[in-house]
$ cat start_5.pdb   # PDB, C-alpha atoms
ATOM      1  CA  MET L   1       0.000   0.000   0.000
ATOM      2  CA  SER L   2       1.427   3.385  -1.000
ATOM      3  CA  ILE L   3       1.827   6.207   1.475
ATOM      4  CA  GLU L   4      -0.842   8.178  -0.420
ATOM      5  CA  SER L   5      -3.351   5.341   0.032
ATOM      6  CA  ILE L   6      -2.497   4.985   3.704
ATOM      7  CA  ILE L   7      -2.991   8.695   4.328
ATOM      8  CA  TYR L   8      -6.272   8.602   2.403
ATOM      9  CA  TRP L   9      -7.673   5.712   4.452
ATOM     10  CA  ALA L  10      -6.507   7.327   7.676
ATOM     11  CA  ALA L  11      -8.420  10.460   6.667
ATOM     12  CA  ILE L  12     -11.496   8.398   5.758
ATOM     13  CA  THR L  13     -11.332   6.769   9.190
ATOM     14  CA  TYR L  14     -11.341  10.091  11.023
ATOM     15  CA  ASP L  15     -13.925  11.527   8.632
ATOM     16  CA  THR L  16     -16.247   8.586   9.335
ATOM     17  CA  SER L  17     -15.676   8.641  13.082
ATOM     18  CA  SER L  18     -16.673  12.275  13.509
ATOM     19  CA  PRO L  19     -20.269  11.979  12.183
ATOM     20  CA  LEU L  20     -20.738   8.868  14.289
ATOM     21  CA  ALA L  21     -19.490  10.370  17.546
ATOM     22  CA  PHE L  22     -20.258  14.081  17.167
ATOM     23  CA  ASN L  23     -23.080  14.288  14.579
ATOM     24  CA  THR L  24     -20.949  16.348  12.195
ATOM     25  CA  LYS L  25     -21.104  16.203   8.414
ATOM     26  CA  SER L  26     -18.693  13.970   6.548
ATOM     27  CA  LEU L  27     -16.323  15.962   4.331
ATOM     28  CA  LEU L  28     -14.607  13.229   2.324
ATOM     29  CA  SER L  29     -17.572  10.965   1.704
ATOM     30  CA  SER L  30     -21.250  11.286   0.905
ATOM     31  CA  GLY L  31     -23.766  11.032   3.672
ATOM     32  CA  LEU L  32     -27.181   9.450   3.522
ATOM     33  CA  LEU L  33     -27.553   9.901  -0.223
ATOM     34  CA  GLY L  34     -24.916   8.340  -2.431
ATOM     35  CA  TRP L  35     -22.370   6.798  -0.079
ATOM     36  CA  GLU L  36     -22.943   3.227  -1.306
ATOM     37  CA  SER L  37     -21.887   4.099  -4.857
ATOM     38  CA  GLU L  38     -18.526   5.538  -3.803
ATOM     39  CA  SER L  39     -15.445   3.552  -4.771
ATOM     40  CA  SER L  40     -14.038   3.501  -1.223
ATOM     41  CA  TRP L  41     -16.996   1.660   0.262
ATOM     42  CA  ARG L  42     -17.378  -0.629  -2.739
ATOM     43  CA  LEU L  43     -13.705  -1.541  -2.310
ATOM     44  CA  VAL L  44     -14.269  -2.421   1.357
ATOM     45  CA  LYS L  45     -17.183  -4.641   0.334
ATOM     46  CA  SER L  46     -15.126  -6.358  -2.381
ATOM     47  CA  CYS L  47     -12.219  -6.979  -0.005
ATOM     48  CA  THR L  48     -14.565  -8.524   2.543
ATOM     49  CA  ASP L  49     -16.062 -10.794  -0.117
ATOM     50  CA  ILE L  50     -12.565 -11.935  -1.101
ATOM     51  CA  PHE L  51     -11.526 -12.480   2.525
ATOM     52  CA  HIS L  52     -14.725 -14.434   3.189
ATOM     53  CA  SER L  53     -13.997 -16.729   0.258
ATOM     54  CA  GLN L  54     -10.346 -17.223   1.218
ATOM     55  CA  THR L  55     -11.136 -18.083   4.846
ATOM     56  CA  GLU L  56     -14.116 -20.387   4.328
ATOM     57  CA  GLU L  57     -12.015 -23.370   5.394
ATOM     58  CA  TRP L  58     -11.129 -21.611   8.654
ATOM     59  CA  ARG L  59     -14.779 -21.125   9.511
ATOM     60  CA  LEU L  60     -15.665 -24.717   8.639
ATOM     61  CA  ARG L  61     -12.764 -26.537  10.309
ATOM     62  CA  GLY L  62     -11.296 -23.972  12.673
ATOM     63  CA  VAL L  63      -8.116 -21.927  12.610
ATOM     64  CA  ILE L  64      -4.953 -21.896  14.705
ATOM     65  CA  ALA L  65      -4.576 -18.344  15.983
ATOM     66  CA  THR L  66      -0.906 -17.771  15.271
ATOM     67  CA  GLU L  67       0.483 -14.248  15.321
ATOM     68  CA  GLU L  68       0.265 -14.099  11.524
ATOM     69  CA  ASN L  69      -3.278 -15.454  11.293
ATOM     70  CA  ALA L  70      -4.550 -13.278  14.126
ATOM     71  CA  ASN L  71      -3.106 -10.096  12.662
ATOM     72  CA  ARG L  72      -4.543 -10.919   9.252
ATOM     73  CA  ILE L  73      -7.994 -11.430  10.767
ATOM     74  CA  PHE L  74      -7.792  -8.245  12.845
ATOM     75  CA  ALA L  75      -6.728  -6.148   9.856
ATOM     76  CA  ALA L  76      -9.508  -7.478   7.620
ATOM     77  CA  ALA L  77     -12.159  -7.109  10.324
ATOM     78  CA  SER L  78     -11.130  -3.530  11.063
ATOM     79  CA  ALA L  79     -11.758  -2.585   7.429
ATOM     80  CA  TRP L  80     -15.324  -3.896   7.613
ATOM     81  CA  LYS L  81     -15.748  -2.245  11.003
ATOM     82  CA  LEU L  82     -15.154   1.054   9.216
ATOM     83  CA  ARG L  83     -18.101   0.297   6.934
ATOM     84  CA  VAL L  84     -20.222  -0.483   9.999
ATOM     85  CA  TRP L  85     -19.237   2.950  11.322
ATOM     86  CA  LYS L  86     -20.419   4.467   8.062
ATOM     87  CA  VAL L  87     -23.832   2.808   8.009
ATOM     88  CA  ALA L  88     -24.337   3.724  11.670
ATOM     89  CA  ALA L  89     -23.537   7.368  10.922
ATOM     90  CA  VAL L  90     -25.909   7.270   7.942
ATOM     91  CA  LEU L  91     -28.720   5.853  10.080
ATOM     92  CA  LYS L  92     -28.105   8.543  12.702
ATOM     93  CA  GLU L  93     -28.316  11.174   9.973
ATOM     94  CA  ALA L  94     -31.616   9.786   8.685
ATOM     95  CA  LEU L  95     -33.115   9.787  12.179
ATOM     96  CA  ARG L  96     -31.684  13.154  13.206
ATOM     97  CA  GLU L  97     -32.830  15.032  10.112
ATOM     98  CA  GLY L  98     -36.318  13.551  10.076
ATOM     99  CA  HIS L  99     -36.230  11.785   6.722
ATOM    100  CA  GLU L 100     -39.207   9.808   5.495
ATOM    101  CA  ASP L 101     -39.732   6.253   6.681
ATOM    102  CA  ASP L 102     -38.572   4.755   3.383
ATOM    103  CA  THR L 103     -35.216   6.503   3.715
ATOM    104  CA  VAL L 104     -34.863   5.540   7.373
ATOM    105  CA  HIS L 105     -35.768   1.947   6.547
ATOM    106  CA  ARG L 106     -33.147   1.813   3.801
ATOM    107  CA  ALA L 107     -30.464   3.104   6.177
ATOM    108  CA  TYR L 108     -31.647   0.704   8.866
ATOM    109  CA  THR L 109     -31.474  -2.235   6.449
ATOM    110  CA  SER L 110     -27.909  -1.291   5.482
ATOM    111  CA  ALA L 111     -26.923  -1.261   9.156
ATOM    112  CA  VAL L 112     -28.508  -4.652   9.794
ATOM    113  CA  ASP L 113     -26.811  -6.142   6.728
ATOM    114  CA  ALA L 114     -23.403  -4.774   7.769
ATOM    115  CA  ILE L 115     -23.704  -6.285  11.244
ATOM    116  CA  LYS L 116     -24.839  -9.615   9.805
ATOM    117  CA  GLN L 117     -21.832  -9.635   7.476
ATOM    118  CA  PHE L 118     -19.495  -8.998  10.407
ATOM    119  CA  ASN L 119     -21.094 -11.820  12.383
ATOM    120  CA  VAL L 120     -20.876 -14.281   9.496
ATOM    121  CA  THR L 121     -17.408 -13.471   8.161
ATOM    122  CA  TYR L 122     -15.415 -12.256  11.150
ATOM    123  CA  ARG L 123     -17.018 -13.217  14.455
ATOM    124  CA  PRO L 124     -16.138 -16.966  14.301
ATOM    125  CA  LEU L 125     -12.524 -16.124  13.471
ATOM    126  CA  LEU L 126     -12.297 -13.451  16.160
ATOM    127  CA  MET L 127     -13.645 -15.913  18.715
ATOM    128  CA  ALA L 128     -10.932 -18.384  17.700
ATOM    129  CA  CYS L 129      -8.352 -15.651  18.273
ATOM    130  CA  GLU L 130      -9.891 -14.787  21.633
ATOM    131  CA  TYR L 131      -9.332 -18.335  22.885
ATOM    132  CA  ARG L 132      -5.573 -17.928  22.309
ATOM    133  CA  LEU L 133      -5.304 -14.244  23.121
ATOM    134  CA  GLN L 134      -3.212 -14.635  26.273
ATOM    135  CA  PHE L 135      -0.654 -16.650  24.295
ATOM    136  CA  LEU L 136      -0.100 -13.872  21.767
ATOM    137  CA  CYS L 137       2.421 -11.043  22.024
ATOM    138  CA  GLN L 138       1.544  -7.667  23.504
ATOM    139  CA  HIS L 139       1.301  -5.996  20.094
ATOM    140  CA  THR L 140      -1.249  -8.552  18.928
ATOM    141  CA  LYS L 141      -3.201  -8.179  22.168
ATOM    142  CA  LEU L 142      -3.269  -4.449  21.585
ATOM    143  CA  ARG L 143      -4.585  -4.989  18.079
ATOM    144  CA  TRP L 144      -7.368  -7.139  19.520
ATOM    145  CA  CYS L 145      -8.736  -3.987  21.117
ATOM    146  CA  GLU L 146      -7.069  -1.520  18.792
ATOM    147  CA  SER L 147      -6.549  -2.988  15.355
ATOM    148  CA  SER L 148      -6.055  -1.355  11.979
ATOM    149  CA  PRO L 149      -4.500  -2.274   8.638
ATOM    150  CA  LEU L 150      -2.533   0.969   9.026
ATOM    151  CA  THR L 151      -0.930  -0.115  12.297
ATOM    152  CA  ALA L 152       2.315  -1.577  11.030
ATOM    153  CA  PHE L 153       3.005   1.359   8.736
ATOM    154  CA  PHE L 154       2.447   3.997  11.396
ATOM    155  CA  GLN L 155       4.458   2.138  14.015
ATOM    156  CA  ASP L 156       7.432   1.645  11.705
ATOM    157  CA  HIS L 157       7.457   5.149  10.240
ATOM    158  CA  PHE L 158       6.705   7.098  13.406
ATOM    159  CA  SER L 159       9.406   5.111  15.196
ATOM    160  CA  GLN L 160      11.909   6.185  12.554
ATOM    161  CA  VAL L 161      10.804   9.816  12.629
ATOM    162  CA  ILE L 162      10.551  10.543  16.360
ATOM    163  CA  GLY L 163      12.529   7.694  17.889
ATOM    164  CA  LEU L 164       9.555   6.227  19.747
ATOM    165  CA  THR L 165       7.598   3.033  19.423
ATOM    166  CA  LEU L 166       3.970   4.086  19.680
ATOM    167  CA  PRO L 167       0.801   1.993  19.562
ATOM    168  CA  VAL L 168      -1.030   3.978  16.873
ATOM    169  CA  GLN L 169      -4.052   1.798  16.198
ATOM    170  CA  ASP L 170      -7.661   2.115  15.252
ATOM    171  CA  GLN L 171      -9.770   0.165  17.697
ATOM    172  CA  LEU L 172     -11.518  -2.955  16.508
ATOM    173  CA  MET L 173     -13.543  -4.767  19.158
ATOM    174  CA  LEU L 174     -14.286  -1.788  21.378
ATOM    175  CA  HIS L 175     -15.181   0.468  18.466
ATOM    176  CA  TYR L 176     -17.321  -2.123  16.734
ATOM    177  CA  HIS L 177     -19.528  -2.697  19.758
ATOM    178  CA  LEU L 178     -19.476   0.975  20.732
ATOM    179  CA  CYS L 179     -20.752   1.792  17.248
ATOM    180  CA  ILE L 180     -23.745  -0.469  17.820
ATOM    181  CA  LEU L 181     -24.474   1.174  21.178
ATOM    182  CA  ILE L 182     -24.259   4.664  19.648
ATOM    183  CA  MET L 183     -26.614   3.617  16.873
ATOM    184  CA  ILE L 184     -29.138   2.136  19.311
ATOM    185  CA  ASP L 185     -28.889   5.239  21.493
ATOM    186  CA  ALA L 186     -29.782   7.353  18.444
ATOM    187  CA  ILE L 187     -32.770   5.106  17.715
ATOM    188  CA  GLU L 188     -33.927   5.457  21.318
ATOM    189  CA  THR L 189     -33.446   9.235  21.249
ATOM    190  CA  ALA L 190     -35.578   9.414  18.100
ATOM    191  CA  ARG L 191     -38.250   7.390  19.943
ATOM    192  CA  ARG L 192     -38.425   4.832  17.179
ATOM    193  CA  THR L 193     -39.699   2.021  19.369
ATOM    194  CA  ASP L 194     -40.676   0.065  16.262
ATOM    195  CA  ILE L 195     -36.975  -0.230  15.428
ATOM    196  CA  LEU L 196     -35.658  -0.314  18.995
ATOM    197  CA  ASP L 197     -37.667  -3.418  19.891
ATOM    198  CA  GLN L 198     -35.708  -5.364  17.271
ATOM    199  CA  TRP L 199     -32.366  -4.418  18.856
ATOM    200  CA  ILE L 200     -32.894  -5.493  22.470
ATOM    201  CA  ILE L 201     -30.764  -8.639  22.212
ATOM    202  CA  THR L 202     -28.149  -6.894  20.069
ATOM    203  CA  ARG L 203     -27.879  -4.092  22.637
ATOM    204  CA  SER L 204     -27.434  -6.573  25.476
ATOM    205  CA  GLU L 205     -24.666  -8.380  23.589
ATOM    206  CA  ALA L 206     -22.948  -5.114  22.646
ATOM    207  CA  GLU L 207     -23.016  -3.868  26.244
ATOM    208  CA  GLY L 208     -21.496  -7.110  27.488
ATOM    209  CA  SER L 209     -18.814  -7.132  24.806
ATOM    210  CA  THR L 210     -17.935  -3.476  25.392
ATOM    211  CA  MET L 211     -17.559  -4.091  29.122
ATOM    212  CA  ASN L 212     -15.365  -7.116  28.401
ATOM    213  CA  CYS L 213     -13.157  -4.955  26.177
ATOM    214  CA  LEU L 214     -12.674  -2.438  28.987
ATOM    215  CA  VAL L 215     -11.853  -5.220  31.455
ATOM    216  CA  PHE L 216      -9.326  -6.602  28.981
ATOM    217  CA  GLY L 217      -7.819  -3.143  28.560
ATOM    218  CA  LEU L 218      -7.478  -2.758  32.324
ATOM    219  CA  SER L 219      -6.031  -6.190  33.052
ATOM    220  CA  ASN L 220      -3.517  -6.393  30.191
ATOM    221  CA  ASN L 221      -0.464  -4.167  30.039
ATOM    222  CA  PHE L 222       1.697  -2.771  27.267
ATOM    223  CA  THR L 223       5.393  -2.020  27.717
ATOM    224  CA  ILE L 224       6.455   1.102  25.839
ATOM    225  CA  PRO L 225      10.157   1.599  25.122
ATOM    226  CA  GLN L 226      11.257   5.195  25.567
ATOM    227  CA  ARG L 227      13.485   7.167  23.219
ATOM    228  CA  ARG L 228      16.235   5.283  21.504
ATOM    229  CA  GLY L 229      19.295   4.833  23.634
ATOM    230  CA  GLU L 230      17.352   4.888  26.908
ATOM    231  CA  ASP L 231      16.809   1.764  28.981
ATOM    232  CA  ILE L 232      13.749   3.000  30.865
ATOM    233  CA  LEU L 233      10.556   1.091  30.124
ATOM    234  CA  VAL L 234       7.027   2.223  30.903
ATOM    235  CA  THR L 235       4.334  -0.405  31.452
ATOM    236  CA  VAL L 236       0.713   0.726  31.455
ATOM    237  CA  PRO L 237      -2.739  -0.836  30.977
ATOM    238  CA  LEU L 238      -3.862  -0.943  27.360
ATOM    239  CA  VAL L 239      -6.734   1.450  28.011
ATOM    240  CA  ALA L 240      -4.286   4.119  29.221
ATOM    241  CA  ILE L 241      -2.683   4.391  25.777
ATOM    242  CA  ASP L 242      -5.925   4.431  23.854
ATOM    243  CA  PRO L 243      -5.477   6.825  20.906
ATOM    244  CA  TYR L 244      -9.196   7.707  21.018
ATOM    245  CA  PRO L 245      -9.972   8.513  24.672
ATOM    246  CA  HIS L 246     -13.194  10.318  23.740
ATOM    247  CA  HIS L 247     -14.527   7.042  22.348
ATOM    248  CA  VAL L 248     -13.700   5.284  25.603
ATOM    249  CA  VAL L 249     -15.595   8.018  27.446
ATOM    250  CA  ALA L 250     -18.561   7.441  25.133
ATOM    251  CA  ALA L 251     -18.404   3.722  25.903
ATOM    252  CA  VAL L 252     -18.362   4.416  29.649
ATOM    253  CA  ARG L 253     -21.309   6.802  29.338
ATOM    254  CA  LEU L 254     -23.468   4.372  27.379
ATOM    255  CA  LEU L 255     -22.568   1.465  29.642
ATOM    256  CA  TRP L 256     -23.427   3.547  32.693
ATOM    257  CA  LEU L 257     -26.825   4.374  31.206
ATOM    258  CA  GLY L 258     -27.396   0.693  30.545
ATOM    259  CA  MET L 259     -26.411  -0.189  34.100
ATOM    260  CA  GLU L 260     -28.800   2.436  35.482
ATOM    261  CA  ARG L 261     -31.578   1.018  33.329
ATOM    262  CA  ASP L 262     -30.985  -2.519  34.578
ATOM    263  CA  TYR L 263     -30.439  -1.434  38.196
ATOM    264  CA  GLU L 264     -33.652   0.562  38.370
ATOM    265  CA  SER L 265     -35.617  -2.266  36.747
ATOM    266  CA  GLY L 266     -34.249  -4.779  39.250
ATOM    267  CA  ASN L 267     -32.217  -6.724  36.694
ATOM    268  CA  LEU L 268     -28.891  -5.764  38.287
ATOM    269  CA  ASP L 269     -28.126  -6.516  41.931
ATOM    270  CA  LEU L 270     -26.160  -4.310  44.310
ATOM    271  CA  PHE L 271     -22.923  -6.308  44.322
ATOM    272  CA  THR L 272     -22.775  -6.575  40.532
ATOM    273  CA  SER L 273     -23.550  -2.898  40.028
ATOM    274  CA  GLU L 274     -20.777  -1.910  42.454
ATOM    275  CA  ASN L 275     -18.305  -4.105  40.594
ATOM    276  CA  LEU L 276     -19.279  -2.683  37.199
ATOM    277  CA  GLN L 277     -19.101   0.874  38.515
ATOM    278  CA  SER L 278     -15.592   0.199  39.767
ATOM    279  CA  ILE L 279     -14.509  -0.987  36.315
ATOM    280  CA  LEU L 280     -15.904   2.104  34.608
ATOM    281  CA  LEU L 281     -14.397   4.489  37.162
ATOM    282  CA  GLN L 282     -10.996   2.801  36.906
ATOM    283  CA  THR L 283     -11.207   3.273  33.151
ATOM    284  CA  LEU L 284     -11.935   6.989  33.508
ATOM    285  CA  ASP L 285      -9.051   7.376  35.962
ATOM    286  CA  LEU L 286      -6.612   6.107  33.324
ATOM    287  CA  LEU L 287      -7.750   8.569  30.658
ATOM    288  CA  PRO L 288      -6.315  12.109  30.329
ATOM    289  CA  GLN L 289      -7.578  13.951  33.402
ATOM    290  CA  THR L 290      -7.363  17.324  31.667
ATOM    291  CA  SER L 291     -10.055  16.205  29.216
ATOM    292  CA  LYS L 292     -13.364  17.994  29.631
ATOM    293  CA  SER L 293     -15.278  14.895  28.525
ATOM    294  CA  VAL L 294     -13.539  12.802  31.199
ATOM    295  CA  ARG L 295     -14.374  15.353  33.891
ATOM    296  CA  ASN L 296     -17.983  15.510  32.700
ATOM    297  CA  ALA L 297     -18.254  11.725  32.787
ATOM    298  CA  LYS L 298     -17.032  11.674  36.381
ATOM    299  CA  GLU L 299     -19.485  14.391  37.342
ATOM    300  CA  GLN L 300     -22.332  12.458  35.747
ATOM    301  CA  ALA L 301     -21.266   9.437  37.794
ATOM    302  CA  ARG L 302     -21.549  11.477  40.989
ATOM    303  CA  LEU L 303     -25.072  12.513  40.040
ATOM    304  CA  SER L 304     -26.120   8.981  39.171
ATOM    305  CA  VAL L 305     -28.819   7.418  41.325
ATOM    306  CA  MET L 306     -26.972   4.125  41.151
ATOM    307  CA  TYR L 307     -23.735   5.783  42.299
ATOM    308  CA  ARG L 308     -25.405   7.388  45.315
ATOM    309  CA  ASP L 309     -27.277   4.245  46.295
ATOM    310  CA  ASN L 310     -24.206   2.041  46.133
ATOM    311  CA  PHE L 311     -21.913   4.319  48.150
ATOM    312  CA  CYS L 312     -19.150   4.068  45.593
ATOM    313  CA  PRO L 313     -15.721   5.360  46.775
ATOM    314  CA  GLU L 314     -15.007   9.005  46.135
ATOM    315  CA  LEU L 315     -13.659   9.746  42.671
TER
END
$ encode --input "start_5.pdb" --output "structure tokens"
Amino acid sequence: MSIESIIYWAAITYDTSSPLAFNTKSLLSSGLLGWESESSWRLVKSCTDIFHSQTEEWRLRGVIATEENANRIFAAASAWKLRVWKVAAVLKEALREGHEDDTVHRAYTSAVDAIKQFNVTYRPLLMACEYRLQFLCQHTKLRWCESSPLTAFFQDHFSQVIGLTLPVQDQLMLHYHLCILIMIDAIETARRTDILDQWIITRSEAEGSTMNCLVFGLSNNFTIPQRRGEDILVTVPLVAIDPYPHHVVAAVRLLWLGMERDYESGNLDLFTSENLQSILLQTLDLLPQTSKSVRNAKEQARLSVMYRDNFCPEL
């Protein structure tokens, strides 16, 4: 892949993330009308079709999650995850701008199809990798949470330029499930109960998977070599070096809302809610404390009914 292509796809990634997280307009790609005909998204679809065909034997008979196989799976899945981001942003746009039901239904169908494709092509392979995750190196573990086909390039080139080895990745598992939660939150905000009722199980699975990603990021460390020529090593939890802390904050916020919902309905007991709160608060403590979004998330935790009832330790 040429440097021009890498820069282009990096820009597409950021350009797709912004409408999803902040409701902005995409600048490099069409929105609700016309995005499917663009060459970038057709290329992602074609690459997924090719990968699906090439890995059919893995899904039928299983796959040994070596470093090479795992990284290949993570890179391919992260490309499709970007398309899931896009369809989620498109659905949010359709709901936010009050388009007619036919338009909303078309966007909704695209989102459902993208998630189904991920589940069919990538989920079985990702589960196989998860079974062997603790046997893989720290870079591969990082890519499990934070995977991108651009990873190797950025690590190699930034290391040469600034003398540091940095984990510059685009999250895979956390971002995929967070995307689903953001999309469902938009559906709920729009009061489209006719659509929301079809996502109850999907929301439950996404909340559980997102929480598991945060637990993994807290319990697994990454050792970062300092500048060349120095022997000092810094070891930190994976979540502390997340290149997208605002997305982690969004995950914490949506998980907290889900916990409040279950706690108030009696589906979450006191001990479990205290444990989950502790995980979310530990996550926030590892993010940049100068961030306004982090401070706001902590303040919202203090105001939470669940937080007050459970006598959680002071932040």
$ atom_distance --input "start_5.pdb" --atom1 "CA of Tyr176 in chain L" --atom2 "CA of Ser209 in chain L"
9.6 Å
$ closest_atom_pairs --input "start_5.pdb" --of "range 51-96 of chain L" --to "range 185-196 of chain L" --cutoff "12 Å" --atoms "all atoms listed in the file" --output "Markdown table"
| residue | atom | partner | partner_atom | distance |
| --- | --- | --- | --- | --- |
| L:Ala88 | CA | L:Ala186 | CA | 9.4 |
| L:Ala89 | CA | L:Ala186 | CA | 9.8 |
| L:Val90 | CA | L:Ala186 | CA | 11.2 |
| L:Leu91 | CA | L:Ala186 | CA | 8.6 |
| L:Lys92 | CA | L:Ala186 | CA | 6.1 |
| L:Glu93 | CA | L:Ala186 | CA | 9.4 |
| L:Ala94 | CA | L:Ala190 | CA | 10.2 |
| L:Leu95 | CA | L:Ala190 | CA | 6.4 |
| L:Arg96 | CA | L:Ala190 | CA | 7.3 |
$ atom_distance --input "start_5.pdb" --atom1 "CA of Leu270 in chain L" --atom2 "CA of Arg295 in chain L"
25.2 Å
$ residues_around --input "start_5.pdb" --residues "Thr16 in chain L" --least-positions-apart "2" --cutoff "10 Å" --atoms "only C-alpha atoms" --output "VMD selection string"
chain L and resid 10 to 14 18 to 21 24 to 29 31 82 to 90
$ axis_aligned_box --input "start_5.pdb" --around "range 75-88 of chain L" --padding-each-side "4 Å" --output "lines of an AutoDock Vina configuration file"
center_x = -15.5
center_y = -1.5
center_z = 9.3
size_x = 25.6
size_y = 19.9
size_z = 12.7
$ decode --input "start_5.pdb" --residues "range 273-309 of chain L" --atoms "C-alpha atoms" --output "PDB file, in the first residue's frame"
ATOM      1  CA  SER L 273     -23.550  -2.898  40.028  1.00  0.00           C
ATOM      2  CA  GLU L 274     -20.777  -1.910  42.454  1.00  0.00           C
ATOM      3  CA  ASN L 275     -18.305  -4.105  40.594  1.00  0.00           C
ATOM      4  CA  LEU L 276     -19.279  -2.683  37.199  1.00  0.00           C
ATOM      5  CA  GLN L 277     -19.101   0.874  38.515  1.00  0.00           C
ATOM      6  CA  SER L 278     -15.592   0.199  39.767  1.00  0.00           C
ATOM      7  CA  ILE L 279     -14.509  -0.987  36.315  1.00  0.00           C
ATOM      8  CA  LEU L 280     -15.904   2.104  34.608  1.00  0.00           C
ATOM      9  CA  LEU L 281     -14.397   4.489  37.162  1.00  0.00           C
ATOM     10  CA  GLN L 282     -10.996   2.801  36.906  1.00  0.00           C
ATOM     11  CA  THR L 283     -11.207   3.273  33.151  1.00  0.00           C
ATOM     12  CA  LEU L 284     -11.935   6.989  33.508  1.00  0.00           C
ATOM     13  CA  ASP L 285      -9.051   7.376  35.962  1.00  0.00           C
ATOM     14  CA  LEU L 286      -6.612   6.107  33.324  1.00  0.00           C
ATOM     15  CA  LEU L 287      -7.750   8.569  30.658  1.00  0.00           C
ATOM     16  CA  PRO L 288      -6.315  12.109  30.329  1.00  0.00           C
ATOM     17  CA  GLN L 289      -7.578  13.951  33.402  1.00  0.00           C
ATOM     18  CA  THR L 290      -7.363  17.324  31.667  1.00  0.00           C
ATOM     19  CA  SER L 291     -10.055  16.205  29.216  1.00  0.00           C
ATOM     20  CA  LYS L 292     -13.364  17.994  29.631  1.00  0.00           C
ATOM     21  CA  SER L 293     -15.278  14.895  28.525  1.00  0.00           C
ATOM     22  CA  VAL L 294     -13.539  12.802  31.199  1.00  0.00           C
ATOM     23  CA  ARG L 295     -14.374  15.353  33.891  1.00  0.00           C
ATOM     24  CA  ASN L 296     -17.983  15.510  32.700  1.00  0.00           C
ATOM     25  CA  ALA L 297     -18.254  11.725  32.787  1.00  0.00           C
ATOM     26  CA  LYS L 298     -17.032  11.674  36.381  1.00  0.00           C
ATOM     27  CA  GLU L 299     -19.485  14.391  37.342  1.00  0.00           C
ATOM     28  CA  GLN L 300     -22.332  12.458  35.747  1.00  0.00           C
ATOM     29  CA  ALA L 301     -21.266   9.437  37.794  1.00  0.00           C
ATOM     30  CA  ARG L 302     -21.549  11.477  40.989  1.00  0.00           C
ATOM     31  CA  LEU L 303     -25.072  12.513  40.040  1.00  0.00           C
ATOM     32  CA  SER L 304     -26.120   8.981  39.171  1.00  0.00           C
ATOM     33  CA  VAL L 305     -28.819   7.418  41.325  1.00  0.00           C
ATOM     34  CA  MET L 306     -26.972   4.125  41.151  1.00  0.00           C
ATOM     35  CA  TYR L 307     -23.735   5.783  42.299  1.00  0.00           C
ATOM     36  CA  ARG L 308     -25.405   7.388  45.315  1.00  0.00           C
ATOM     37  CA  ASP L 309     -27.277   4.245  46.295  1.00  0.00           C
TER      38      ASP L 309
END
